[in-house]
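Quick look at model10.txt (compact mmCIF, C-alpha atoms):
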```
# COMPACT_ATOMS: atom_id res chain seq x y z
CA MET A 284 -48.60 75.74 122.09
CA ASN A 285 -47.94 72.65 119.98
CA MET A 286 -51.43 71.65 118.87
CA GLU A 287 -50.67 69.27 116.01
CA ILE A 288 -51.93 65.91 114.83
CA LYS A 289 -50.16 63.06 116.59
CA ILE A 290 -50.62 59.30 116.66
CA ALA A 291 -49.11 56.61 118.86
CA GLY A 292 -49.75 52.96 119.48
CA LEU A 293 -48.66 49.44 118.68
CA ASP A 294 -49.52 46.83 116.10
CA TYR A 295 -48.70 43.25 115.15
CA ARG A 296 -45.27 44.29 113.88
CA SER A 297 -44.16 45.92 117.13
CA ALA A 298 -45.99 43.78 119.70
CA SER A 299 -46.92 40.12 120.08
CA VAL A 300 -50.51 39.05 120.68
CA ASP A 301 -49.68 38.67 124.39
CA VAL A 302 -48.92 42.40 124.55
CA ARG A 303 -51.71 43.49 122.20
CA GLU A 304 -54.26 41.81 124.48
CA LYS A 305 -53.30 44.24 127.23
CA PHE A 306 -54.09 47.23 125.04
CA THR A 307 -57.33 46.01 123.46
CA PHE A 308 -60.33 48.25 124.15
CA THR A 309 -63.94 47.11 123.98
CA GLU A 310 -66.45 49.60 122.62
CA SER A 311 -67.43 50.76 126.12
CA GLU A 312 -63.77 50.99 127.17
CA ARG A 313 -62.99 53.04 124.07
CA ARG A 314 -65.65 55.54 125.03
CA GLU A 315 -64.43 55.63 128.63
CA LEU A 316 -60.91 56.45 127.47
CA LEU A 317 -62.12 59.21 125.17
CA ASN A 318 -63.93 60.80 128.10
CA GLU A 319 -60.97 60.34 130.44
CA ILE A 320 -58.52 62.08 128.11
CA ALA A 321 -60.96 64.82 127.03
CA PRO A 322 -59.42 67.45 129.38
CA HIS A 323 -55.99 66.86 127.83
CA VAL A 324 -56.81 66.91 124.09
CA GLN A 325 -58.66 69.01 121.56
CA GLU A 326 -59.59 65.96 119.47
CA ALA A 327 -59.09 62.22 119.73
CA VAL A 328 -59.92 59.02 117.82
CA LEU A 329 -59.00 55.56 119.14
CA ILE A 330 -58.60 52.63 116.76
CA SER A 331 -58.61 49.28 118.58
CA THR A 332 -58.61 46.01 116.63
CA CYS A 333 -57.11 42.55 117.04
CA ASN A 334 -53.91 43.74 115.35
CA ARG A 335 -53.53 47.32 116.54
CA THR A 336 -54.31 49.97 119.11
CA GLU A 337 -53.60 53.48 117.84
CA LEU A 338 -54.61 56.78 119.42
CA ALA A 339 -54.75 59.83 117.16
CA VAL A 340 -55.03 63.22 118.85
CA VAL A 341 -54.81 66.94 118.30
CA SER A 342 -53.09 67.96 121.51
CA GLU A 343 -50.00 69.20 123.28
CA GLU A 344 -50.05 65.88 125.12
CA GLU A 345 -48.29 62.84 123.67
CA PRO A 346 -50.77 60.07 122.81
CA SER A 347 -48.22 57.46 123.93
CA GLU A 348 -48.35 58.96 127.43
CA LEU A 349 -52.14 58.88 127.42
CA LEU A 350 -52.05 55.18 126.52
CA ARG A 351 -49.50 54.48 129.25
CA ARG A 352 -51.72 56.12 131.85
CA ALA A 353 -54.65 54.00 130.69
CA ARG A 354 -53.00 50.59 130.30
CA GLY A 355 -49.34 50.76 131.29
CA CYS A 356 -46.08 50.66 129.36
CA GLY A 357 -45.88 49.27 125.85
CA SER A 358 -43.65 49.28 122.80
CA PHE A 359 -45.38 52.31 121.30
CA PHE A 360 -44.43 54.01 118.07
CA SER A 361 -45.08 57.75 117.98
CA LEU A 362 -45.59 60.03 114.97
CA ARG A 363 -46.61 63.64 114.49
CA GLY A 364 -47.44 66.11 111.75
CA GLU A 365 -47.20 64.83 108.19
CA ALA A 366 -45.95 61.44 109.35
CA ALA A 367 -49.05 60.99 111.53
CA VAL A 368 -51.35 62.00 108.65
CA ALA A 369 -49.58 59.55 106.33
CA ARG A 370 -49.96 56.78 108.92
CA ILE A 371 -53.74 57.23 109.05
CA PHE A 372 -54.02 57.07 105.25
CA GLU A 373 -51.77 53.99 105.19
CA ILE A 374 -53.91 52.24 107.80
CA ALA A 375 -57.02 52.88 105.73
CA ALA A 376 -55.27 51.58 102.61
CA GLY A 377 -54.46 48.31 104.37
CA LEU A 378 -50.71 48.86 104.14
CA HIS A 379 -50.24 48.18 107.86
CA SER A 380 -52.62 45.23 108.07
CA GLN A 381 -51.45 41.71 108.79
CA ILE A 382 -53.59 40.63 105.83
CA PRO A 383 -52.62 42.94 102.93
CA LEU A 384 -55.45 45.18 101.69
CA GLU A 385 -57.90 43.56 104.12
CA ASP A 386 -61.36 45.12 104.08
CA GLN A 387 -62.34 45.13 107.74
CA ILE A 388 -60.06 47.98 108.78
CA LEU A 389 -62.26 50.45 106.90
CA GLY A 390 -65.29 49.43 108.95
CA GLN A 391 -63.22 49.57 112.12
CA MET A 392 -62.03 53.09 111.29
CA LYS A 393 -65.62 54.16 110.62
CA GLU A 394 -66.66 52.75 114.01
CA ALA A 395 -63.78 54.54 115.73
CA LEU A 396 -64.72 57.83 114.07
CA ALA A 397 -68.41 57.41 114.90
CA ALA A 398 -67.65 56.66 118.57
CA SER A 399 -65.41 59.71 118.81
CA ARG A 400 -68.08 61.93 117.30
CA GLU A 401 -70.76 60.55 119.62
CA GLU A 402 -68.53 61.24 122.64
CA LYS A 403 -67.86 64.78 121.34
CA ALA A 404 -64.15 63.95 121.10
CA CYS A 405 -63.77 64.46 117.35
CA GLY A 406 -63.44 67.89 115.77
CA PRO A 407 -62.93 69.15 112.21
CA LEU A 408 -59.27 68.13 111.84
CA LEU A 409 -59.50 64.43 112.72
CA GLY A 410 -63.02 64.18 111.35
CA GLN A 411 -61.99 65.29 107.87
CA LEU A 412 -58.71 63.40 108.02
CA PHE A 413 -60.32 60.07 108.86
CA GLN A 414 -63.14 60.56 106.37
CA ARG A 415 -60.71 61.32 103.54
CA ALA A 416 -58.50 58.39 104.54
CA ILE A 417 -61.47 56.01 104.48
CA THR A 418 -62.49 57.29 101.05
CA ALA A 419 -58.94 56.82 99.78
CA GLY A 420 -58.88 53.32 101.25
CA LYS A 421 -61.98 52.40 99.27
CA GLU A 422 -60.37 53.70 96.08
CA VAL A 423 -57.24 51.63 96.72
CA ARG A 424 -59.27 48.46 97.06
CA THR A 425 -61.29 49.23 93.94
CA LYS A 426 -58.07 49.63 91.96
CA TYR A 427 -56.35 46.52 93.32
CA LYS A 428 -59.29 44.21 94.04
CA ALA A 429 -58.23 41.89 91.21
CA LEU A 430 -54.90 41.13 92.89
CA PRO A 431 -54.69 37.57 94.30
CA HIS A 432 -54.47 38.00 98.08
CA GLU A 433 -56.33 37.08 101.24
CA CYS A 434 -58.64 39.98 102.06
CA SER A 435 -59.44 39.09 105.68
CA ALA A 436 -58.16 37.14 108.65
CA ALA A 437 -61.11 34.78 108.17
CA ALA A 438 -60.00 34.03 104.60
CA ALA A 439 -56.43 33.45 105.79
CA ALA A 440 -57.76 31.08 108.45
CA CYS A 441 -59.70 29.07 105.87
CA THR A 442 -56.62 28.85 103.65
CA ALA A 443 -54.52 27.67 106.61
CA ALA A 444 -57.16 25.06 107.45
CA ALA A 445 -57.26 23.76 103.87
CA GLU A 446 -53.47 23.42 103.88
CA PHE A 447 -53.53 21.67 107.26
CA PHE A 448 -56.08 19.03 106.26
CA SER A 449 -54.46 18.53 102.87
CA GLN A 450 -51.10 17.87 104.55
CA ALA A 451 -52.73 15.60 107.12
CA ALA A 452 -54.31 13.56 104.33
CA ALA A 453 -50.98 13.31 102.51
CA ALA A 454 -49.22 12.22 105.70
CA ASN A 455 -51.79 9.46 106.12
CA ASP A 456 -51.28 8.41 102.50
CA ALA A 457 -54.92 9.14 101.84
CA SER A 458 -56.68 11.05 99.12
CA GLY A 459 -58.22 13.44 101.61
CA PRO A 460 -61.89 13.91 102.46
CA GLU A 461 -64.23 12.37 99.94
CA GLY A 462 -64.89 14.68 97.00
CA CYS A 463 -62.19 17.15 98.07
CA SER A 464 -61.02 19.41 95.24
CA SER A 465 -59.39 22.77 94.70
CA ALA A 466 -62.87 24.24 94.32
CA ALA A 467 -63.98 22.77 97.67
CA PRO A 468 -60.80 22.11 99.65
CA LEU A 469 -62.66 21.55 102.92
CA ARG A 470 -65.34 19.21 101.64
CA GLY A 471 -66.06 16.53 104.23
CA ILE A 472 -64.65 18.60 107.12
CA SER A 473 -66.93 19.37 110.07
CA ALA A 474 -66.28 22.88 111.39
CA LEU A 475 -67.41 24.90 114.39
CA VAL A 476 -67.33 28.70 114.43
CA VAL A 477 -67.59 30.19 117.92
CA GLY A 478 -68.88 33.74 117.60
CA SER A 479 -71.54 35.24 115.35
CA GLY A 480 -70.13 38.73 114.92
CA GLU A 481 -68.81 40.09 111.63
CA MET A 482 -65.69 37.91 111.68
CA GLY A 483 -67.61 34.80 112.72
CA MET A 484 -70.21 35.32 109.99
CA LEU A 485 -67.48 35.77 107.38
CA ALA A 486 -65.59 32.69 108.56
CA ALA A 487 -68.76 30.59 108.44
CA GLN A 488 -69.55 31.76 104.90
CA LEU A 489 -66.03 31.09 103.64
CA LEU A 490 -65.98 27.63 105.21
CA ARG A 491 -69.28 26.79 103.51
CA ASP A 492 -67.94 28.11 100.21
CA ARG A 493 -65.00 25.73 100.58
CA GLY A 494 -67.27 22.75 101.19
CA ALA A 495 -67.16 22.37 104.98
CA SER A 496 -70.12 21.39 107.12
CA VAL A 497 -70.47 24.35 109.48
CA ARG A 498 -72.05 25.04 112.84
CA MET A 499 -71.94 28.49 114.40
CA THR A 500 -72.70 29.52 117.97
CA GLN A 501 -74.95 32.42 118.81
CA ARG A 502 -75.27 33.78 122.34
CA ARG A 503 -77.87 36.43 121.51
CA CYS A 504 -79.66 37.82 118.49
CA ARG A 505 -77.65 40.39 116.56
CA LYS A 506 -78.91 43.96 116.79
CA ASP A 507 -78.64 44.35 113.02
CA GLY A 508 -80.78 41.26 112.48
CA ALA A 509 -78.09 39.53 110.41
CA GLN A 510 -78.77 35.84 109.82
CA PRO A 511 -76.23 33.02 109.49
CA PRO A 512 -75.04 32.21 105.97
CA SER A 513 -77.10 29.72 104.00
CA GLY A 514 -76.30 26.15 104.95
CA VAL A 515 -74.77 27.06 108.34
CA THR A 516 -76.40 25.48 111.39
CA LEU A 517 -76.91 27.87 114.29
CA ILE A 518 -76.43 26.34 117.76
CA PRO A 519 -76.65 27.77 121.29
CA TYR A 520 -73.36 29.12 122.62
CA ASP A 521 -73.63 26.91 125.71
CA THR A 522 -73.42 23.77 123.54
CA ARG A 523 -70.04 24.70 122.00
CA TYR A 524 -68.09 21.98 123.82
CA GLU A 525 -70.49 19.25 122.76
CA ALA A 526 -70.34 20.47 119.17
CA MET A 527 -66.54 20.65 119.25
CA ARG A 528 -66.32 16.91 119.94
CA GLU A 529 -67.88 16.31 116.54
CA CYS A 530 -65.74 18.84 114.63
CA ALA A 531 -62.20 18.60 113.26
CA LEU A 532 -61.89 22.38 112.76
CA VAL A 533 -62.72 25.11 115.27
CA ILE A 534 -62.49 28.84 114.55
CA CYS A 535 -63.07 31.30 117.39
CA ALA A 536 -63.90 34.95 116.80
CA THR A 537 -65.70 36.50 119.77
CA ALA A 538 -65.33 39.78 121.61
CA SER A 539 -65.09 38.04 124.98
CA PRO A 540 -62.49 39.39 127.43
CA HIS A 541 -61.98 35.82 128.71
CA PHE A 542 -61.25 32.42 127.18
CA VAL A 543 -64.31 30.79 125.64
CA LEU A 544 -62.60 27.41 125.21
CA THR A 545 -60.56 25.98 128.09
CA THR A 546 -58.82 22.67 128.74
CA LYS A 547 -60.63 22.39 132.06
CA GLU A 548 -63.97 22.21 130.25
CA PHE A 549 -62.77 20.01 127.39
CA GLY A 550 -60.75 16.90 128.19
CA ASP A 551 -58.22 15.48 125.77
CA ASP A 552 -60.05 12.87 123.70
CA GLY A 553 -57.05 12.30 121.42
CA VAL A 554 -58.93 13.38 118.29
CA ARG A 555 -56.80 15.41 115.91
CA ARG A 556 -58.18 18.93 115.56
CA MET A 557 -57.12 22.30 114.25
CA LYS A 558 -58.13 25.33 116.30
CA ILE A 559 -57.76 28.84 114.92
CA ASP A 560 -58.11 31.84 117.25
CA LEU A 561 -58.98 35.07 115.43
CA ALA A 562 -59.70 37.04 118.60
CA VAL A 563 -57.62 39.52 120.60
CA PRO A 564 -57.87 39.09 123.55
CA ARG A 565 -57.60 35.42 122.65
CA ASP A 566 -60.58 33.08 122.89
CA ILE A 567 -58.74 29.75 123.19
CA GLU A 568 -56.63 28.82 126.20
CA GLN A 569 -53.00 28.32 125.15
CA ALA A 570 -52.82 25.13 127.25
CA PHE A 571 -54.43 23.34 124.28
CA MET A 572 -51.04 23.63 122.57
CA ARG A 573 -49.64 21.04 124.99
CA ARG A 574 -51.93 18.39 123.55
CA PRO A 575 -50.27 16.44 120.71
CA SER A 576 -53.63 16.01 119.00
CA VAL A 577 -54.28 19.78 118.76
CA THR A 578 -52.84 22.31 116.33
CA LEU A 579 -53.58 25.79 117.66
CA VAL A 580 -52.99 28.91 115.56
CA ASP A 581 -53.59 32.49 116.70
CA MET A 582 -53.39 35.78 114.79
CA ASP A 583 -49.60 35.88 115.02
CA GLY A 584 -49.39 32.31 113.80
CA LEU A 585 -51.23 32.97 110.54
CA GLY A 586 -47.91 34.21 109.22
CA HIS A 587 -49.10 36.93 106.85
CA SER A 588 -47.20 40.17 106.38
CA ALA A 589 -47.74 43.31 104.36
CA LEU A 590 -46.87 43.45 100.70
```
Would you encode the structure as structure tokens?
Amino acid sequence: MNMEIKIAGLDYRSASVDVREKFTFTESERRELLNEIAPHVQEAVLISTCNRTELAVVSEEEPSELLRRARGCGSFFSLRGEAAVARIFEIAAGLHSQIPLEDQILGQMKEALAASREEKACGPLLGQLFQRAITAGKEVRTKYKALPHECSAAAAACTAAAEFFSQAAAANDASGPEGCSSAAPLRGISALVVGSGEMGMLAAQLLRDRGASVRMTQRRCRKDGAQPPSGVTLIPYDTRYEAMRECALVICATASPHFVLTTKEFGDDGVRRMKIDLAVPRDIEQAFMRRPSVTLVDMDGLGHSAL
């Protein structure tokens, strides 16, 4: 019997966002998979984020085969033994994140571990391994937190937006939005954030910090009771298209399995806008890219790589 720790999956380095969408698991789908593979593994933890889907197991079965049965063929990497253990520590440290040392992966690993434990899929080996990796990841960030780098996809999106509007102002031979400065690079910009989850909340806060006027959609009250950042206007989700007409910047970050912004519902009004899609599966229909007035950037387009 070959009961060892193994891990297989794909990430932003090995698969484009088009492929990663196919292998994204919602929370309920994650739990369904854990139950489906239970007869074939001793232990299992599934990490599924916008940039990766990785299945760690203690089993004779290959995790890549389990993923293929669930979602079809993909460009999976596969590691076992010490290499698999190292991979899990490296994920927690942010070494395999599109945004170097980003913080959200630690929370995502905690959620993956908690779901596995609740579904009785996690035993002592993966439980201790993930817990120690998460602890090590925290220590890494404490040691290197002073390094100048974007710590989240939301921060990278705000930086990209500031560069976009600065270049647009320069191209128009203008001084940019009134009062714009390095301390508030988005001052005078009206922004819409679609999605009030963790990523949406963070994006809204960072936009406000950079001087933007921000509206954020909310479809339902959050279970944790979290409120929008100070100065952010909360609007009903169903009014997103109306709000978008008044905004030059749109950032989408929902957990929807379908597009939340489509060209069918929003005609081309010729107004120059930047749209940034931080969701996988993607929130914004790619047909917007065919409009000369629209600059659309998704996770792959943010252009960040590991250190």
Between CA of Leu316 (chain A) and CA of Arg296 (chain A), distance in Å (one decimal):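 Computed distance, CA of Leu316 (chain A) to CA of Arg296 (chain A), equals 24.0 Å.
Relative to CA of Gly390 (chain A), CA of Arg493 (chain A) is found at 25.1 Å.
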Taking into account all atoms listed in the file, which residue in the set A:Gln325, A:Thr578, A:Gln569, A:Ser380 is nearest to Thr545 (chain A)?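 Among A:Gln325, A:Thr578, A:Gln569, A:Ser380, it is A:Gln569 that comes nearest to Thr545 (chain A).
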Leu412 (chain A) surroundings by all atoms listed in the file, 12 Å radius, close-in-sequence under 6 positions cut, as a tab-separated table (two decimals) with C-alpha atoms, in the frame of the given file:
```
chain	number	residue	atom	x	y	z
A	288	ILE	CA	-51.93	65.91	114.83
A	326	GLU	CA	-59.59	65.96	119.47
A	327	ALA	CA	-59.09	62.22	119.73
A	328	VAL	CA	-59.92	59.02	117.82
A	339	ALA	CA	-54.75	59.83	117.16
A	340	VAL	CA	-55.03	63.22	118.85
A	341	VAL	CA	-54.81	66.94	118.30
A	365	GLU	CA	-47.20	64.83	108.19
A	367	ALA	CA	-49.05	60.99	111.53
A	368	VAL	CA	-51.35	62.00	108.65
A	369	ALA	CA	-49.58	59.55	106.33
A	370	ARG	CA	-49.96	56.78	108.92
A	371	ILE	CA	-53.74	57.23	109.05
A	372	PHE	CA	-54.02	57.07	105.25
A	375	ALA	CA	-57.02	52.88	105.73
A	392	MET	CA	-62.03	53.09	111.29
A	393	LYS	CA	-65.62	54.16	110.62
A	396	LEU	CA	-64.72	57.83	114.07
A	405	CYS	CA	-63.77	64.46	117.35
A	406	GLY	CA	-63.44	67.89	115.77
A	418	THR	CA	-62.49	57.29	101.05
A	419	ALA	CA	-58.94	56.82	99.78
```
Considering only C-alpha atoms, state which residue in the set A:Ser342, A:Ser576, A:Gln391, A:Thr546 is at the smallest distance from His323 (chain A).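 Using only C-alpha atoms, His323 (chain A) sits closest to A:Ser342.
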So that I can check the surroundings of Leu349 (chain A), please list as a ChimeraX atom specification every protein, DNA and RNA residue that reaches within 12 Å of it, counting all atoms listed in the file and ignoring chain neighbours fewer than 5 positions away. /A:289-292,316-324,327,329,337-340,342-344,354-357,359,361
Test item: residues at most 9 Å from region 520-536 of chain A, only C-alpha atoms, excluding those fewer than 2 positions along its chain, as a ChimeraX atom specification: /A:437,440,444,472-483,486-487,497-503,518,538-539,543-544,548-549,552,554-563,565-567
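Comparing A:Pro383, A:Pro540, A:Met286, A:Ala445 by their smallest distance to Glu312 (chain A), the closest is A:Pro540 (using all atoms listed in the file).
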I need the residue nearest Met582 (chain A) from this list: A:Arg363, A:Arg335, A:Arg351, A:Arg314. Use all atoms listed in the file for the distance.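 Residue with the minimum atom-to-atom distance to Met582 (chain A): A:Arg335.
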Padding 8 Å on every side, please: axis-aligned box over the listed atoms of region 345-357 of chain A, centre and edge lengths to one decimal in Å, as AutoDock Vina command-line options.
```
--center_x -50.3 --center_y 56.1 --center_z 127.3 --size_x 24.8 --size_y 29.6 --size_z 25.0
```
Exercise: Leu389 (chain A) partners within 8 Å, only C-alpha atoms, chain neighbours under 5 positions left out, as a PDB file with C-alpha atoms, in the frame of the given file:
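Listed below is the output, out_16.pdb:
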```pdb
ATOM      1  CA  ALA A 375     -57.020  52.880 105.730  1.00  0.00           C
ATOM      2  CA  ILE A 417     -61.470  56.010 104.480  1.00  0.00           C
ATOM      3  CA  GLY A 420     -58.880  53.320 101.250  1.00  0.00           C
ATOM      4  CA  LYS A 421     -61.980  52.400  99.270  1.00  0.00           C
TER       5      LYS A 421
END
```
Supply region 389-411 of chain A as a short mmCIF file (atom, residue, chain, number, x, y, z; two decimals), in the frame of the given file, with N, CA, C and O atoms built in where the input has gaps.
```
data_model
loop_
_atom_site.label_atom_id
_atom_site.label_comp_id
_atom_site.auth_asym_id
_atom_site.auth_seq_id
_atom_site.Cartn_x
_atom_site.Cartn_y
_atom_site.Cartn_z
N LEU A 389 -61.45 49.29 107.25
CA LEU A 389 -62.26 50.45 106.90
C LEU A 389 -63.49 50.56 107.81
O LEU A 389 -63.81 51.64 108.30
N GLY A 390 -64.15 49.44 108.04
CA GLY A 390 -65.29 49.43 108.95
C GLY A 390 -64.88 49.77 110.36
O GLY A 390 -65.59 50.49 111.09
N GLN A 391 -63.72 49.29 110.77
CA GLN A 391 -63.22 49.57 112.12
C GLN A 391 -62.86 51.04 112.29
O GLN A 391 -63.08 51.62 113.35
N MET A 392 -62.32 51.65 111.23
CA MET A 392 -62.03 53.09 111.29
C MET A 392 -63.31 53.91 111.33
O MET A 392 -63.40 54.92 112.03
N LYS A 393 -64.32 53.47 110.58
CA LYS A 393 -65.62 54.16 110.62
C LYS A 393 -66.22 54.09 112.02
O LYS A 393 -66.77 55.07 112.53
N GLU A 394 -66.12 52.91 112.65
CA GLU A 394 -66.66 52.75 114.01
C GLU A 394 -65.91 53.63 114.99
O GLU A 394 -66.51 54.24 115.89
N ALA A 395 -64.59 53.71 114.84
CA ALA A 395 -63.78 54.54 115.73
C ALA A 395 -64.15 56.00 115.57
O ALA A 395 -64.28 56.75 116.56
N LEU A 396 -64.35 56.44 114.34
CA LEU A 396 -64.72 57.83 114.07
C LEU A 396 -66.11 58.13 114.62
O LEU A 396 -66.34 59.18 115.24
N ALA A 397 -67.04 57.21 114.42
CA ALA A 397 -68.41 57.41 114.90
C ALA A 397 -68.44 57.50 116.43
O ALA A 397 -69.13 58.37 117.00
N ALA A 398 -67.69 56.63 117.11
CA ALA A 398 -67.65 56.66 118.57
C ALA A 398 -67.07 57.98 119.07
O ALA A 398 -67.57 58.57 120.04
N SER A 399 -66.03 58.45 118.41
CA SER A 399 -65.41 59.71 118.81
C SER A 399 -66.39 60.87 118.63
O SER A 399 -66.47 61.76 119.49
N ARG A 400 -67.10 60.86 117.53
CA ARG A 400 -68.08 61.93 117.30
C ARG A 400 -69.20 61.89 118.33
O ARG A 400 -69.63 62.92 118.84
N GLU A 401 -69.67 60.68 118.65
CA GLU A 401 -70.76 60.55 119.62
C GLU A 401 -70.33 61.00 121.01
O GLU A 401 -71.15 61.51 121.79
N GLU A 402 -69.05 60.81 121.33
CA GLU A 402 -68.53 61.24 122.64
C GLU A 402 -68.01 62.68 122.61
O GLU A 402 -67.39 63.13 123.57
N LYS A 403 -68.28 63.39 121.50
CA LYS A 403 -67.86 64.78 121.34
C LYS A 403 -66.34 64.95 121.44
O LYS A 403 -65.83 66.00 121.85
N ALA A 404 -65.61 63.90 121.02
CA ALA A 404 -64.15 63.95 121.10
C ALA A 404 -63.52 64.28 119.76
O ALA A 404 -62.31 64.53 119.69
N CYS A 405 -64.31 64.25 118.70
CA CYS A 405 -63.77 64.46 117.35
C CYS A 405 -64.18 65.83 116.82
O CYS A 405 -65.36 66.18 116.83
N GLY A 406 -63.19 66.58 116.35
CA GLY A 406 -63.44 67.89 115.77
C GLY A 406 -63.20 67.88 114.27
O GLY A 406 -63.07 66.82 113.65
N PRO A 407 -63.06 69.05 113.67
CA PRO A 407 -62.93 69.15 112.21
C PRO A 407 -61.65 68.55 111.65
O PRO A 407 -61.66 67.98 110.56
N LEU A 408 -60.54 68.63 112.38
CA LEU A 408 -59.27 68.13 111.84
C LEU A 408 -59.29 66.60 111.69
O LEU A 408 -59.10 66.06 110.60
N LEU A 409 -59.50 65.89 112.79
CA LEU A 409 -59.50 64.43 112.72
C LEU A 409 -60.71 63.90 111.97
O LEU A 409 -60.63 62.88 111.29
N GLY A 410 -61.83 64.61 112.07
CA GLY A 410 -63.02 64.18 111.35
C GLY A 410 -62.80 64.15 109.85
O GLY A 410 -63.08 63.15 109.18
N GLN A 411 -62.27 65.24 109.30
CA GLN A 411 -61.99 65.29 107.87
C GLN A 411 -60.86 64.35 107.48
O GLN A 411 -60.92 63.71 106.43
#
```
